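Dropping model_26.cif in here (mmCIF, C-alpha atoms, pLDDT in the B column; chains and numbers go by the auth columns):
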```
data_run
#
loop_
_atom_site.group_PDB
_atom_site.id
_atom_site.type_symbol
_atom_site.label_atom_id
_atom_site.label_comp_id
_atom_site.label_asym_id
_atom_site.label_seq_id
_atom_site.Cartn_x
_atom_site.Cartn_y
_atom_site.Cartn_z
_atom_site.B_iso_or_equiv
_atom_site.auth_seq_id
_atom_site.auth_asym_id
ATOM 1 C CA MET A 1 -29.996 6.861 2.212 51.00 34 A
ATOM 2 C CA LEU A 2 -30.873 5.725 5.728 50.00 35 A
ATOM 3 C CA ALA A 3 -28.658 2.660 5.349 57.00 36 A
ATOM 4 C CA TRP A 4 -25.727 4.901 4.418 48.00 37 A
ATOM 5 C CA LEU A 5 -26.298 7.090 7.482 48.00 38 A
ATOM 6 C CA ARG A 6 -26.591 4.023 9.708 56.00 39 A
ATOM 7 C CA GLN A 7 -23.358 2.604 8.270 63.00 40 A
ATOM 8 C CA LYS A 8 -21.558 5.924 8.825 66.00 41 A
ATOM 9 C CA GLY A 9 -22.803 5.974 12.434 73.00 42 A
ATOM 10 C CA ASN A 10 -21.552 2.424 12.948 85.00 43 A
ATOM 11 C CA LEU A 11 -18.152 3.383 11.531 89.00 44 A
ATOM 12 C CA ARG A 12 -17.918 6.332 13.902 91.00 45 A
ATOM 13 C CA ARG A 13 -18.791 4.121 16.886 93.00 46 A
ATOM 14 C CA THR A 14 -16.191 1.579 15.806 94.00 47 A
ATOM 15 C CA ALA A 15 -13.598 4.318 15.322 95.00 48 A
ATOM 16 C CA ARG A 16 -14.318 5.797 18.752 96.00 49 A
ATOM 17 C CA ALA A 17 -13.998 2.356 20.367 96.00 50 A
ATOM 18 C CA LEU A 18 -10.731 1.642 18.534 97.00 51 A
ATOM 19 C CA TYR A 19 -9.324 5.077 19.307 96.00 52 A
ATOM 20 C CA GLY A 20 -10.322 4.751 22.962 96.00 53 A
ATOM 21 C CA SER A 21 -8.460 1.444 23.148 97.00 54 A
ATOM 22 C CA ILE A 22 -5.404 2.989 21.479 97.00 55 A
ATOM 23 C CA VAL A 23 -5.324 5.938 23.881 97.00 56 A
ATOM 24 C CA THR A 24 -5.840 3.698 26.913 96.00 57 A
ATOM 25 C CA GLN A 25 -2.946 1.483 25.855 97.00 58 A
ATOM 26 C CA ALA A 26 -0.750 4.466 24.995 96.00 59 A
ATOM 27 C CA ARG A 27 -1.410 6.050 28.393 95.00 60 A
ATOM 28 C CA SER A 28 -0.175 3.005 30.323 95.00 61 A
ATOM 29 C CA PRO A 29 2.080 4.406 33.075 93.00 62 A
ATOM 30 C CA ASP A 30 4.794 1.821 32.321 92.00 63 A
ATOM 31 C CA VAL A 31 5.275 3.295 28.836 93.00 64 A
ATOM 32 C CA TYR A 32 6.581 6.442 30.458 94.00 65 A
ATOM 33 C CA ALA A 33 8.053 5.176 33.735 92.00 66 A
ATOM 34 C CA SER A 34 9.773 2.000 32.508 92.00 67 A
ATOM 35 C CA TRP A 35 10.393 2.601 28.829 95.00 68 A
ATOM 36 C CA GLY A 36 11.809 6.077 29.343 94.00 69 A
ATOM 37 C CA VAL A 37 9.395 7.824 26.989 96.00 70 A
ATOM 38 C CA PRO A 38 8.914 11.396 28.236 95.00 71 A
ATOM 39 C CA ASP A 39 5.403 12.005 29.573 94.00 72 A
ATOM 40 C CA THR A 40 5.005 15.205 27.572 93.00 73 A
ATOM 41 C CA PRO A 41 2.564 16.176 24.817 90.00 74 A
ATOM 42 C CA GLU A 42 5.215 15.191 22.256 93.00 75 A
ATOM 43 C CA GLY A 43 5.897 11.846 23.947 95.00 76 A
ATOM 44 C CA ARG A 44 2.188 11.057 24.197 94.00 77 A
ATOM 45 C CA PHE A 45 1.713 12.020 20.534 94.00 78 A
ATOM 46 C CA GLU A 46 4.486 9.630 19.504 96.00 79 A
ATOM 47 C CA ILE A 47 3.101 6.711 21.515 97.00 80 A
ATOM 48 C CA ILE A 48 -0.482 7.290 20.359 97.00 81 A
ATOM 49 C CA SER A 49 0.784 7.571 16.767 97.00 82 A
ATOM 50 C CA LEU A 50 2.718 4.329 17.134 97.00 83 A
ATOM 51 C CA HIS A 51 -0.363 2.435 18.334 98.00 84 A
ATOM 52 C CA LEU A 52 -2.525 4.118 15.713 98.00 85 A
ATOM 53 C CA VAL A 53 -0.124 3.028 12.970 98.00 86 A
ATOM 54 C CA LEU A 54 -0.242 -0.577 14.202 98.00 87 A
ATOM 55 C CA VAL A 55 -4.046 -0.599 14.069 98.00 88 A
ATOM 56 C CA LEU A 56 -4.190 1.168 10.689 97.00 89 A
ATOM 57 C CA ARG A 57 -1.790 -1.428 9.252 96.00 90 A
ATOM 58 C CA ARG A 58 -4.090 -4.200 10.477 97.00 91 A
ATOM 59 C CA LEU A 59 -7.238 -2.495 9.200 96.00 92 A
ATOM 60 C CA ALA A 60 -5.648 -2.114 5.761 95.00 93 A
ATOM 61 C CA ARG A 61 -5.711 -5.913 5.495 92.00 94 A
ATOM 62 C CA ALA A 62 -9.412 -6.155 6.411 92.00 95 A
ATOM 63 C CA GLY A 63 -10.836 -5.305 2.997 91.00 96 A
ATOM 64 C CA ASP A 64 -13.168 -2.439 2.169 93.00 97 A
ATOM 65 C CA GLN A 65 -14.666 -2.377 5.661 93.00 98 A
ATOM 66 C CA GLY A 66 -11.176 -2.141 7.120 94.00 99 A
ATOM 67 C CA ALA A 67 -10.293 0.739 4.807 94.00 100 A
ATOM 68 C CA ALA A 68 -13.459 2.600 5.814 95.00 101 A
ATOM 69 C CA ALA A 69 -12.784 1.913 9.501 95.00 102 A
ATOM 70 C CA GLY A 70 -9.200 3.138 9.049 96.00 103 A
ATOM 71 C CA GLN A 71 -10.456 6.385 7.547 95.00 104 A
ATOM 72 C CA ALA A 72 -12.935 6.843 10.403 96.00 105 A
ATOM 73 C CA LEU A 73 -10.189 6.053 12.927 96.00 106 A
ATOM 74 C CA THR A 74 -7.912 8.682 11.391 96.00 107 A
ATOM 75 C CA GLU A 75 -10.785 11.169 11.582 94.00 108 A
ATOM 76 C CA ALA A 76 -11.272 10.319 15.285 95.00 109 A
ATOM 77 C CA PHE A 77 -7.560 11.012 15.826 94.00 110 A
ATOM 78 C CA VAL A 78 -7.857 14.390 14.081 93.00 111 A
ATOM 79 C CA VAL A 79 -10.897 15.376 16.166 90.00 112 A
ATOM 80 C CA ASP A 80 -9.094 14.406 19.386 89.00 113 A
ATOM 81 C CA LEU A 81 -5.986 16.287 18.302 87.00 114 A
ATOM 82 C CA ASP A 82 -8.028 19.375 17.486 83.00 115 A
ATOM 83 C CA ASP A 83 -9.755 19.211 20.882 82.00 116 A
ATOM 84 C CA SER A 84 -6.446 18.688 22.695 82.00 117 A
ATOM 85 C CA LEU A 85 -4.804 21.636 20.983 75.00 118 A
ATOM 86 C CA ARG A 86 -7.710 23.875 21.902 77.00 119 A
ATOM 87 C CA GLU A 87 -7.501 22.672 25.536 79.00 120 A
ATOM 88 C CA MET A 88 -3.791 23.534 25.507 76.00 121 A
ATOM 89 C CA THR A 89 -4.900 27.074 24.610 68.00 122 A
ATOM 90 C CA VAL A 90 -3.402 27.037 21.154 64.00 123 A
ATOM 91 C CA GLY A 91 -5.007 29.968 19.348 67.00 124 A
ATOM 92 C CA ASP A 92 -8.015 29.119 17.186 70.00 125 A
ATOM 93 C CA LEU A 93 -6.286 30.379 14.060 73.00 126 A
ATOM 94 C CA ALA A 94 -3.220 28.199 14.693 76.00 127 A
ATOM 95 C CA VAL A 95 -5.087 24.937 15.392 78.00 128 A
ATOM 96 C CA PRO A 96 -5.619 23.939 11.722 80.00 129 A
ATOM 97 C CA ARG A 97 -1.925 24.471 10.986 85.00 130 A
ATOM 98 C CA HIS A 98 -0.912 22.290 13.967 79.00 131 A
ATOM 99 C CA VAL A 99 -3.421 19.602 12.994 84.00 132 A
ATOM 100 C CA LYS A 100 -2.124 19.595 9.419 90.00 133 A
ATOM 101 C CA ARG A 101 1.451 19.113 10.676 89.00 134 A
ATOM 102 C CA ALA A 102 0.369 16.346 13.042 88.00 135 A
ATOM 103 C CA VAL A 103 -1.496 14.473 10.303 89.00 136 A
ATOM 104 C CA ALA A 104 1.565 14.761 8.052 92.00 137 A
ATOM 105 C CA ALA A 105 3.662 13.437 10.950 92.00 138 A
ATOM 106 C CA LEU A 106 1.246 10.516 11.373 92.00 139 A
ATOM 107 C CA HIS A 107 1.592 9.627 7.695 93.00 140 A
ATOM 108 C CA ASP A 108 5.372 9.845 8.034 94.00 141 A
ATOM 109 C CA ARG A 109 5.296 7.499 11.030 94.00 142 A
ATOM 110 C CA HIS A 110 3.006 5.132 9.151 94.00 143 A
ATOM 111 C CA SER A 111 5.596 4.920 6.367 94.00 144 A
ATOM 112 C CA THR A 112 8.549 4.650 8.739 94.00 145 A
ATOM 113 C CA TYR A 113 7.118 2.029 11.083 95.00 146 A
ATOM 114 C CA GLY A 114 5.401 0.186 8.240 93.00 147 A
ATOM 115 C CA ALA A 115 8.671 -0.243 6.372 93.00 148 A
ATOM 116 C CA ALA A 116 10.490 -1.224 9.572 94.00 149 A
ATOM 117 C CA LEU A 117 7.948 -3.943 10.390 94.00 150 A
ATOM 118 C CA VAL A 118 8.090 -5.635 6.989 90.00 151 A
ATOM 119 C CA GLY A 119 11.128 -7.770 7.772 81.00 152 A
ATOM 120 C CA ALA A 120 12.083 -9.794 10.809 80.00 153 A
ATOM 121 C CA GLN A 121 15.323 -7.899 11.395 84.00 154 A
ATOM 122 C CA ASP A 122 15.387 -5.448 14.281 87.00 155 A
ATOM 123 C CA GLY A 123 17.782 -2.912 12.717 92.00 156 A
ATOM 124 C CA PRO A 124 15.172 -0.909 10.777 94.00 157 A
ATOM 125 C CA LEU A 125 12.719 -0.949 13.692 96.00 158 A
ATOM 126 C CA THR A 126 15.426 0.120 16.136 95.00 159 A
ATOM 127 C CA ALA A 127 16.373 2.977 13.808 96.00 160 A
ATOM 128 C CA ALA A 128 12.716 4.027 13.489 96.00 161 A
ATOM 129 C CA VAL A 129 12.213 4.052 17.275 96.00 162 A
ATOM 130 C CA GLU A 130 15.435 5.984 17.814 95.00 163 A
ATOM 131 C CA GLN A 131 14.456 8.459 15.092 94.00 164 A
ATOM 132 C CA ARG A 132 10.949 9.062 16.466 93.00 165 A
ATOM 133 C CA LEU A 133 11.343 8.645 20.228 94.00 166 A
ATOM 134 C CA GLY A 134 15.059 9.062 20.822 91.00 167 A
ATOM 135 C CA THR A 135 15.060 12.672 19.685 89.00 168 A
ATOM 136 C CA LEU A 136 12.408 13.770 22.200 91.00 169 A
ATOM 137 C CA SER A 137 13.520 16.052 24.982 89.00 170 A
ATOM 138 C CA GLY A 138 13.864 13.927 28.125 88.00 171 A
ATOM 139 C CA ALA A 139 14.280 10.604 26.292 86.00 172 A
ATOM 140 C CA GLU A 140 17.825 9.988 27.486 88.00 173 A
ATOM 141 C CA GLY A 141 16.864 6.744 29.297 90.00 174 A
ATOM 142 C CA LEU A 142 14.827 5.333 26.417 94.00 175 A
ATOM 143 C CA ASP A 143 14.689 1.508 26.505 95.00 176 A
ATOM 144 C CA VAL A 144 14.763 0.944 22.742 95.00 177 A
ATOM 145 C CA PRO A 145 15.069 -2.886 22.837 95.00 178 A
ATOM 146 C CA ARG A 146 12.034 -3.184 25.129 95.00 179 A
ATOM 147 C CA ILE A 147 10.019 -0.798 22.946 96.00 180 A
ATOM 148 C CA CYS A 148 10.945 -2.716 19.782 95.00 181 A
ATOM 149 C CA ALA A 149 9.986 -6.035 21.390 95.00 182 A
ATOM 150 C CA TYR A 150 6.634 -4.562 22.406 97.00 183 A
ATOM 151 C CA ILE A 151 5.997 -3.172 18.907 96.00 184 A
ATOM 152 C CA ARG A 152 6.639 -6.578 17.344 96.00 185 A
ATOM 153 C CA GLU A 153 4.456 -8.285 19.965 97.00 186 A
ATOM 154 C CA ALA A 154 1.626 -5.779 19.457 97.00 187 A
ATOM 155 C CA ALA A 155 1.801 -6.069 15.658 97.00 188 A
ATOM 156 C CA GLN A 156 1.667 -9.865 15.947 96.00 189 A
ATOM 157 C CA ALA A 157 -1.238 -9.734 18.428 97.00 190 A
ATOM 158 C CA LEU A 158 -3.218 -7.499 16.072 97.00 191 A
ATOM 159 C CA GLU A 159 -2.501 -9.801 13.120 96.00 192 A
ATOM 160 C CA LEU A 160 -3.869 -12.776 15.063 96.00 193 A
ATOM 161 C CA GLN A 161 -7.123 -11.021 15.937 96.00 194 A
ATOM 162 C CA PRO A 162 -10.012 -11.809 13.602 95.00 195 A
ATOM 163 C CA GLY A 163 -11.095 -8.978 11.321 91.00 196 A
ATOM 164 C CA PRO A 164 -14.698 -8.972 12.602 92.00 197 A
ATOM 165 C CA GLN A 165 -13.433 -8.557 16.165 94.00 198 A
ATOM 166 C CA ILE A 166 -11.356 -5.525 15.210 95.00 199 A
ATOM 167 C CA LEU A 167 -14.112 -4.103 12.999 92.00 200 A
ATOM 168 C CA GLY A 168 -16.367 -4.471 16.030 92.00 201 A
ATOM 169 C CA GLY A 169 -14.106 -2.048 17.876 92.00 202 A
ATOM 170 C CA ASN A 170 -12.403 -4.643 20.079 93.00 203 A
ATOM 171 C CA LEU A 171 -8.623 -4.713 20.344 96.00 204 A
ATOM 172 C CA ALA A 172 -6.582 -7.070 22.485 94.00 205 A
ATOM 173 C CA TRP A 173 -3.227 -5.466 23.264 97.00 206 A
ATOM 174 C CA PRO A 174 -0.238 -7.180 24.826 96.00 207 A
ATOM 175 C CA GLN A 175 0.635 -6.074 28.323 92.00 208 A
ATOM 176 C CA VAL A 176 3.060 -3.179 28.627 90.00 209 A
ATOM 177 C CA ARG A 177 5.726 -4.691 30.841 80.00 210 A
ATOM 178 C CA ALA A 178 7.777 -2.726 33.309 73.00 211 A
#
```
Show me this structure written as structure tokens.
Amino acid sequence: MLAWLRQKGNLRRTARALYGSIVTQARSPDVYASWGVPDTPEGRFEIISLHLVLVLRRLARAGDQGAAAGQALTEAFVVDLDDSLREMTVGDLAVPRHVKRAVAALHDRHSTYGAALVGAQDGPLTAAVEQRLGTLSGAEGLDVPRICAYIREAAQALELQPGPQILGGNLAWPQVRA
């Protein structure tokens, strides 16, 4: 019993470290200033979701420990989303509904970006970025080619990282270039 509790605590620590790295990378000022992604709650949600999907895809290939870490990471995302909605003064009764929609949106993005990253062709990835980011209010100057190049580079960087490093909560992201 104590081993199970210790393992669950380790998973939560790993998930918090991974999620912290995702949010730090997603909050890079160049994402918003140079890529043309609107610095709005919706824009931040999309960029965090994108990075989260990349990490979840990598964790899925790390065996049972990766699957457990992916579940804990998704839970960390939900907790952060819940906290953020409450800080934005969304009514307590509406928060669960918003969280449910956001989790469904995350799963949708996981499917969309996952399918787009399977092949080496840029068409599906370009369409996915335009579908998810191009429809945001204020995204008129969106630099889709730069975003797609970054997504491919980040996916490759995560693939090259050893599983134990990632399961230890350490992610090495490529630089977001202006």
Tell me, as number ranges by chain, which residues lie within 12 Å of Arg46 in chain A, counting only C-alpha atoms; anything in the same chain fewer than 5 positions away does not count. A: 39-41, 51-53, 102, 105-106, 108-109, 200-203
May I have the residues from that selection written out with C-alpha atoms, as a compact mmCIF listing (two decimals), keeping the file's coordinate frame?
```txt
# COMPACT_ATOMS: atom_id res chain seq x y z
CA ARG A 39 -26.59 4.02 9.71
CA GLN A 40 -23.36 2.60 8.27
CA LYS A 41 -21.56 5.92 8.82
CA LEU A 51 -10.73 1.64 18.53
CA TYR A 52 -9.32 5.08 19.31
CA GLY A 53 -10.32 4.75 22.96
CA ALA A 102 -12.78 1.91 9.50
CA ALA A 105 -12.94 6.84 10.40
CA LEU A 106 -10.19 6.05 12.93
CA GLU A 108 -10.78 11.17 11.58
CA ALA A 109 -11.27 10.32 15.28
CA LEU A 200 -14.11 -4.10 13.00
CA GLY A 201 -16.37 -4.47 16.03
CA GLY A 202 -14.11 -2.05 17.88
CA ASN A 203 -12.40 -4.64 20.08
```
So that I can check the surroundings of Glu192 in chain A, please list as a PyMOL selection string every protein, DNA and RNA residue that reaches within 10 Å of it, counting all atoms listed in the file and ignoring chain neighbours fewer than 2 positions away. chain A and resi 87-88+90-92+94+186-190+194-196
Could you check the closest approach to Arg77 in chain A for each of A:Val128, A:Leu166, A:Leu158, A:Ala182 and tell me which residue wins, using only C-alpha atoms?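 The shortest atom-to-atom distance to Arg77 in chain A comes from A:Leu166.
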At what distance in Å, to one decimal, does CA of Tyr183 in chain A lie from CA of Ala153 in chain A?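 Pair CA of Ala153 in chain A / CA of Tyr183 in chain A returns 13.8 Å.
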Pick the closest to Val132 in chain A from A:Arg185, A:Arg119, A:His84, A:Arg165: which is it, counting only C-alpha atoms?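 Closest residue, counting only C-alpha atoms: A:Arg119.
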Looking at all atoms listed in the file, which of A:Leu193, A:Ala149, A:Val209, A:Ile199 is the one that sits closest to Gly99 in chain A?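 Among A:Leu193, A:Ala149, A:Val209, A:Ile199, it is A:Ile199 that comes nearest to Gly99 in chain A.
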